>>> print(open('upload17.tsv').read())   # TSV, C-alpha atoms
chain	number	residue	atom	x	y	z
I	1	MET	CA	9.93	43.89	66.09
I	2	SER	CA	9.56	47.31	64.57
I	3	PRO	CA	8.33	50.54	66.14
I	4	ILE	CA	5.46	50.53	63.65
I	5	GLU	CA	4.39	47.06	64.78
I	6	ALA	CA	4.69	48.16	68.43
I	7	ALA	CA	2.47	51.20	67.80
I	8	ALA	CA	-0.08	49.13	65.85
I	9	THR	CA	-0.14	46.60	68.69
I	10	LEU	CA	-0.75	49.29	71.31
I	11	PHE	CA	-3.54	50.88	69.24
I	12	GLY	CA	-5.07	47.43	68.73
I	13	LEU	CA	-5.17	46.68	72.43
I	14	ILE	CA	-6.84	49.98	73.17
I	15	ASN	CA	-9.26	49.56	70.27
I	16	VAL	CA	-10.56	46.11	71.13
I	17	THR	CA	-10.81	46.89	74.83
I	18	LEU	CA	-13.01	49.85	73.96
I	19	VAL	CA	-15.12	47.76	71.54
I	20	VAL	CA	-15.78	45.19	74.27
I	21	ARG	CA	-16.96	48.03	76.49
I	22	ARG	CA	-19.14	49.36	73.64
I	23	SER	CA	-17.32	52.69	73.66
I	24	MET	CA	-17.35	54.77	70.49
I	25	TRP	CA	-13.83	55.93	71.37
I	26	ASN	CA	-12.67	52.64	69.85
I	27	TYR	CA	-12.94	54.08	66.34
I	28	PRO	CA	-10.02	56.57	66.33
I	29	PHE	CA	-7.74	53.84	67.69
I	30	ALA	CA	-9.08	51.37	65.12
I	31	LEU	CA	-8.31	53.73	62.26
I	32	ALA	CA	-4.75	54.31	63.49
I	33	MET	CA	-4.17	50.58	64.01
I	34	VAL	CA	-5.45	49.44	60.63
I	35	SER	CA	-3.47	52.10	58.80
I	36	LEU	CA	-0.24	50.84	60.35
I	37	TYR	CA	-1.12	47.19	59.80
I	38	ALA	CA	-1.83	47.79	56.11
I	39	TRP	CA	1.80	48.80	55.72
I	40	ILE	CA	3.13	45.93	57.87
I	41	PHE	CA	1.14	43.19	56.15
I	42	PHE	CA	1.97	44.44	52.66
I	43	HIS	CA	5.68	44.21	53.43
I	44	GLN	CA	5.21	40.69	54.85
I	45	LYS	CA	3.44	39.58	51.63
I	46	LEU	CA	0.23	38.91	53.54
I	47	TYR	CA	-1.72	40.68	50.83
I	48	SER	CA	-5.16	39.55	51.95
I	49	ASP	CA	-4.53	41.01	55.39
I	50	ALA	CA	-3.08	44.19	53.86
I	51	LEU	CA	-6.17	44.71	51.69
I	52	LEU	CA	-8.34	43.85	54.66
I	53	GLN	CA	-6.93	46.84	56.53
I	54	LEU	CA	-8.11	49.15	53.75
I	55	PHE	CA	-11.56	47.62	54.03
I	56	TYR	CA	-11.40	48.16	57.80
I	57	ILE	CA	-10.91	51.88	57.29
I	58	ALA	CA	-14.21	52.11	55.41
I	59	VAL	CA	-16.17	49.79	57.69
I	60	ASN	CA	-14.86	51.50	60.82
I	61	LEU	CA	-16.10	54.82	59.50
I	62	TYR	CA	-19.50	53.19	58.86
I	63	GLY	CA	-19.45	51.58	62.31
I	64	TRP	CA	-18.66	54.89	63.97
I	65	TRP	CA	-21.62	56.47	62.19
I	66	ASN	CA	-23.94	53.53	63.01
I	67	TRP	CA	-22.95	53.30	66.67
I	68	THR	CA	-23.61	57.02	67.22
I	69	ARG	CA	-27.20	56.44	66.09
I	70	SER	CA	-27.80	53.24	68.07
I	71	ARG	CA	-27.64	54.21	71.70
I	72	ALA	CA	-30.08	53.06	74.34
I	73	ARG	CA	-31.61	55.55	76.76
I	74	THR	CA	-28.77	54.77	79.18
I	75	GLY	CA	-26.26	55.97	76.58
I	76	GLU	CA	-24.84	52.51	75.87
I	77	VAL	CA	-24.66	51.12	72.35
I	78	ARG	CA	-27.40	48.52	71.84
I	79	VAL	CA	-26.47	44.92	70.99
I	80	GLU	CA	-28.55	42.79	68.63
I	81	GLN	CA	-28.60	39.13	67.60
I	82	LEU	CA	-29.03	37.43	64.22
I	83	GLY	CA	-31.68	34.81	63.60
I	84	TYR	CA	-30.76	31.19	62.87
I	85	ALA	CA	-31.19	31.49	59.09
I	86	ALA	CA	-29.10	34.66	58.98
I	87	ARG	CA	-26.32	32.94	60.93
I	88	LEU	CA	-26.25	30.08	58.44
I	89	GLY	CA	-26.23	32.55	55.56
I	90	TRP	CA	-23.29	34.49	57.00
I	91	LEU	CA	-21.36	31.25	57.63
I	92	ALA	CA	-21.99	29.95	54.11
I	93	GLY	CA	-20.97	33.31	52.70
I	94	CYS	CA	-17.74	33.28	54.71
I	95	VAL	CA	-16.82	29.80	53.50
I	96	ALA	CA	-17.60	30.64	49.86
I	97	ALA	CA	-15.76	33.97	50.00
I	98	SER	CA	-12.75	32.26	51.61
I	99	ALA	CA	-12.59	29.68	48.82
I	100	VAL	CA	-12.83	32.28	46.08
I	101	TRP	CA	-10.42	34.77	47.69
I	102	GLY	CA	-7.89	32.06	48.54
I	103	ALA	CA	-7.96	30.86	44.92
I	104	VAL	CA	-7.44	34.40	43.60
I	105	MET	CA	-4.53	35.04	45.97
I	106	HIS	CA	-3.00	31.65	45.10
I	107	ARG	CA	-3.32	32.16	41.35
I	108	TYR	CA	-2.44	35.82	40.91
I	109	THR	CA	-0.04	36.78	43.72
I	110	ASP	CA	3.06	35.55	45.50
I	111	ALA	CA	1.15	35.57	48.80
I	112	ALA	CA	2.93	33.66	51.55
I	113	PHE	CA	-0.14	31.69	52.70
I	114	PRO	CA	-2.95	32.52	50.27
I	115	TRP	CA	-5.60	30.12	51.61
I	116	TRP	CA	-4.91	30.61	55.31
I	117	ASP	CA	-4.47	34.37	55.04
I	118	GLY	CA	-7.43	34.63	52.67
I	119	SER	CA	-9.74	32.75	55.03
I	120	ILE	CA	-8.74	34.95	57.94
I	121	ALA	CA	-9.41	38.00	55.77
I	122	MET	CA	-12.85	36.89	54.57
I	123	PHE	CA	-14.05	35.85	58.02
I	124	SER	CA	-12.68	39.17	59.33
I	125	VAL	CA	-14.72	41.08	56.76
I	126	ALA	CA	-17.87	39.37	58.01
I	127	ALA	CA	-16.94	39.86	61.67
I	128	GLN	CA	-16.21	43.56	61.19
I	129	ILE	CA	-19.46	44.16	59.31
I	130	LEU	CA	-21.42	42.34	62.02
I	131	GLN	CA	-19.62	44.29	64.72
I	132	SER	CA	-20.36	47.57	62.96
I	133	ARG	CA	-24.00	46.50	62.98
I	134	ARG	CA	-23.71	45.69	66.72
I	135	LYS	CA	-24.36	41.97	66.26
I	136	TRP	CA	-23.43	39.63	69.09
I	137	GLU	CA	-22.27	36.94	66.62
I	138	SER	CA	-19.30	39.09	65.61
I	139	TRP	CA	-17.50	37.88	68.74
I	140	VAL	CA	-17.91	34.23	67.80
I	141	LEU	CA	-16.23	34.97	64.47
I	142	TRP	CA	-13.48	37.02	66.13
I	143	ILE	CA	-12.66	34.08	68.40
I	144	LEU	CA	-12.29	31.77	65.38
I	145	ILE	CA	-10.23	34.38	63.52
I	146	ASP	CA	-7.89	34.92	66.48
I	147	LEU	CA	-7.33	31.16	66.82
I	148	ALA	CA	-6.34	31.00	63.14
I	149	ALA	CA	-4.29	34.22	63.08
I	150	VAL	CA	-1.94	33.57	66.00
I	151	PRO	CA	-0.01	30.71	64.35
I	152	LEU	CA	0.07	32.50	60.96
I	153	PHE	CA	1.65	35.64	62.43
I	154	ALA	CA	4.07	33.53	64.49
I	155	ILE	CA	5.23	31.68	61.37
I	156	LYS	CA	5.85	35.04	59.67
I	157	GLY	CA	7.90	36.23	62.66
I	158	LEU	CA	5.40	38.94	63.62
I	159	TRP	CA	5.75	38.13	67.31
I	160	LEU	CA	4.13	41.27	68.69
I	161	THR	CA	1.22	40.80	66.34
I	162	ALA	CA	0.89	37.12	67.26
I	163	GLY	CA	0.93	38.14	70.93
I	164	LEU	CA	-1.62	40.84	70.20
I	165	TYR	CA	-3.93	38.25	68.68
I	166	VAL	CA	-3.58	36.07	71.79
I	167	VAL	CA	-4.76	39.09	73.78
I	168	PHE	CA	-7.46	39.71	71.14
I	169	LEU	CA	-8.61	36.13	71.74
I	170	ALA	CA	-9.01	36.80	75.46
I	171	LEU	CA	-10.73	40.13	74.72
I	172	SER	CA	-13.03	38.39	72.23
I	173	VAL	CA	-14.11	35.91	74.89
I	174	TRP	CA	-14.70	38.87	77.24
I	175	GLY	CA	-16.62	40.64	74.46
I	176	LEU	CA	-18.77	37.57	73.86
I	177	ILE	CA	-19.63	37.36	77.55
I	178	HIS	CA	-20.19	41.12	77.95
I	179	TRP	CA	-22.31	41.44	74.80
I	180	THR	CA	-24.31	38.30	75.69
I	181	LYS	CA	-25.46	40.09	78.82
I	182	ALA	CA	-26.38	43.19	76.79
I	183	LYS	CA	-28.31	41.48	73.96
I	184	ALA	CA	-31.68	42.99	73.09
>>> encode(input="upload17.tsv", output="structure tokens")
Amino acid sequence: MSPIEAAATLFGLINVTLVVRRSMWNYPFALAMVSLYAWIFFHQKLYSDALLQLFYIAVNLYGWWNWTRSRARTGEVRVEQLGYAARLGWLAGCVAASAVWGAVMHRYTDAAFPWWDGSIAMFSVAAQILQSRRKWESWVLWILIDLAAVPLFAIKGLWLTAGLYVVFLALSVWGLIHWTKAKA
């Protein structure tokens, strides 16, 4: 356990708790967390997750901008839901992107777990985009991602991060319940 991993874990807990509560204050903590995790994952040869953190920086900036413009009269951030066809499209896109990205990581890098890590990364891209757009379905994807990420991080000896993702799993279930009640 490193101090960098401990700081990233703390920022992550604060970030996701604030996302569940639909607080825009989640974004500064998200940016700090993903910056630290980019460094951690790169050094663990989890390249898909390292690159994912760079993507998170950009999408968190977009999400911050979008959330500030999407408040209800009560001041809360509005939650929306995808239609059935859009859900199927996002799922098919996630599966296809996971296959392509896993193949690239397997072929061109010394990634530790190119398919597993790549699938987590591609589903995370979709979940983060959907969350930035305030879509309820983002929580369903986060639950699946957390279930896949915990054993991967444990295998790599990232115990704080694995523990963080167990907490993320619980927070994702809370987010799903909380956002279900707030759906437009």
>>> closest_atom_pairs(input="upload17.tsv", of="range 14-122 of chain I", to="range 134-157 of chain I", cutoff="12 Å", atoms="all atoms listed in the file", output="CSV")
residue,atom,partner,partner_atom,distance
I:Val16,CA,I:Trp142,CA,10.8
I:Val19,CA,I:Arg134,CA,10.1
I:Val20,CA,I:Trp139,CA,9.3
I:Arg22,CA,I:Arg134,CA,9.1
I:Ser23,CA,I:Arg134,CA,11.7
I:Met24,CA,I:Arg134,CA,11.7
I:Ile40,CA,I:Phe153,CA,11.4
I:Phe41,CA,I:Phe153,CA,9.8
I:His43,CA,I:Lys156,CA,11.1
I:Gln44,CA,I:Lys156,CA,7.5
I:Lys45,CA,I:Lys156,CA,9.5
I:Leu46,CA,I:Lys156,CA,9.2
I:Asp49,CA,I:Ala149,CA,10.3
I:Tyr62,CA,I:Arg134,CA,11.7
I:Gly63,CA,I:Arg134,CA,8.5
I:Trp64,CA,I:Arg134,CA,10.8
I:Trp65,CA,I:Arg134,CA,11.9
I:Asn66,CA,I:Arg134,CA,8.7
I:Trp67,CA,I:Arg134,CA,7.6
I:Thr68,CA,I:Arg134,CA,11.3
I:Arg69,CA,I:Arg134,CA,11.3
I:Ser70,CA,I:Arg134,CA,8.7
I:Arg71,CA,I:Arg134,CA,10.6
I:Glu76,CA,I:Arg134,CA,11.5
I:Val77,CA,I:Arg134,CA,7.9
I:Arg78,CA,I:Arg134,CA,6.9
I:Val79,CA,I:Arg134,CA,5.1
I:Glu80,CA,I:Lys135,CA,4.9
I:Gln81,CA,I:Lys135,CA,5.3
I:Leu82,CA,I:Lys135,CA,6.8
I:Gly83,CA,I:Glu137,CA,10.1
I:Tyr84,CA,I:Glu137,CA,10.9
I:Ala86,CA,I:Glu137,CA,10.5
I:Arg87,CA,I:Glu137,CA,8.0
I:Leu88,CA,I:Glu137,CA,11.4
I:Trp90,CA,I:Glu137,CA,10.0
I:Leu91,CA,I:Leu141,CA,9.3
I:Cys94,CA,I:Leu141,CA,10.0
I:Ala111,CA,I:Lys156,CA,11.9
I:Ala112,CA,I:Lys156,CA,8.7
I:Phe113,CA,I:Leu152,CA,8.3
I:Pro114,CA,I:Leu152,CA,11.1
I:Trp115,CA,I:Leu152,CA,11.2
I:Trp116,CA,I:Leu152,CA,7.8
I:Asp117,CA,I:Leu152,CA,7.7
I:Gly118,CA,I:Ala149,CA,10.9
I:Ser119,CA,I:Ile145,CA,8.7
I:Ile120,CA,I:Ile145,CA,5.8
I:Ala121,CA,I:Ile145,CA,8.6
I:Met122,CA,I:Ile145,CA,9.7
>>> residues_around(input="upload17.tsv", residues="range 53-60 of chain I", least_positions_apart="5", cutoff="7 Å", atoms="all atoms listed in the file", output="compact mmCIF listing (two decimals) with C-alpha atoms, in the frame of the given file")
# COMPACT_ATOMS: atom_id res chain seq x y z
CA TYR I 27 -12.94 54.08 66.34
CA LEU I 31 -8.31 53.73 62.26
CA VAL I 34 -5.45 49.44 60.63
CA SER I 35 -3.47 52.10 58.80
CA TYR I 37 -1.12 47.19 59.80
CA ALA I 38 -1.83 47.79 56.11
CA ILE I 129 -19.46 44.16 59.31
>>> atom_distance(input="upload17.tsv", atom1="CA of Ala96 in chain I", atom2="CA of Gly163 in chain I")
29.0 Å
>>> atom_distance(input="upload17.tsv", atom1="CA of Ala7 in chain I", atom2="CA of Gly175 in chain I")
22.8 Å
>>> closest_residue(input="upload17.tsv", among="I:Gly12, I:Thr180, I:Val95, I:Met105", to="Val166 in chain I", atoms="only C-alpha atoms")
I:Gly12
>>> atom_distance(input="upload17.tsv", atom1="CA of Ser124 in chain I", atom2="CA of His178 in chain I")
20.2 Å
>>> closest_residue(input="upload17.tsv", among="I:Pro28, I:Gly93, I:Gly102, I:Pro3", to="Ala127 in chain I", atoms="only C-alpha atoms")
I:Gly93
>>> axis_aligned_box(input="upload17.tsv", around="range 91-99 of chain I", padding_each_side="5 Å", output="lines of an AutoDock Vina configuration file")
center_x = -17.3
center_y = 31.8
center_z = 53.2
size_x = 19.4
size_y = 14.3
size_z = 18.8
>>> closest_residue(input="upload17.tsv", among="I:Ala126, I:Ile4, I:Leu10, I:Asp110", to="Tyr165 in chain I", atoms="only C-alpha atoms")
I:Leu10
>>> closest_residue(input="upload17.tsv", among="I:Trp174, I:Trp179, I:Phe168, I:Tyr108", to="Gln131 in chain I", atoms="all atoms listed in the file")
I:Trp179
>>> residues_around(input="upload17.tsv", residues="Phe11 in chain I", least_positions_apart="5", cutoff="8 Å", atoms="all atoms listed in the file", output="list in words")
Phe29, Ala30, Ala32 and Met33 of chain I
>>> closest_residue(input="upload17.tsv", among="I:Val125, I:Met1, I:Leu13, I:Ala8", to="Leu169 in chain I", atoms="all atoms listed in the file")
I:Leu13
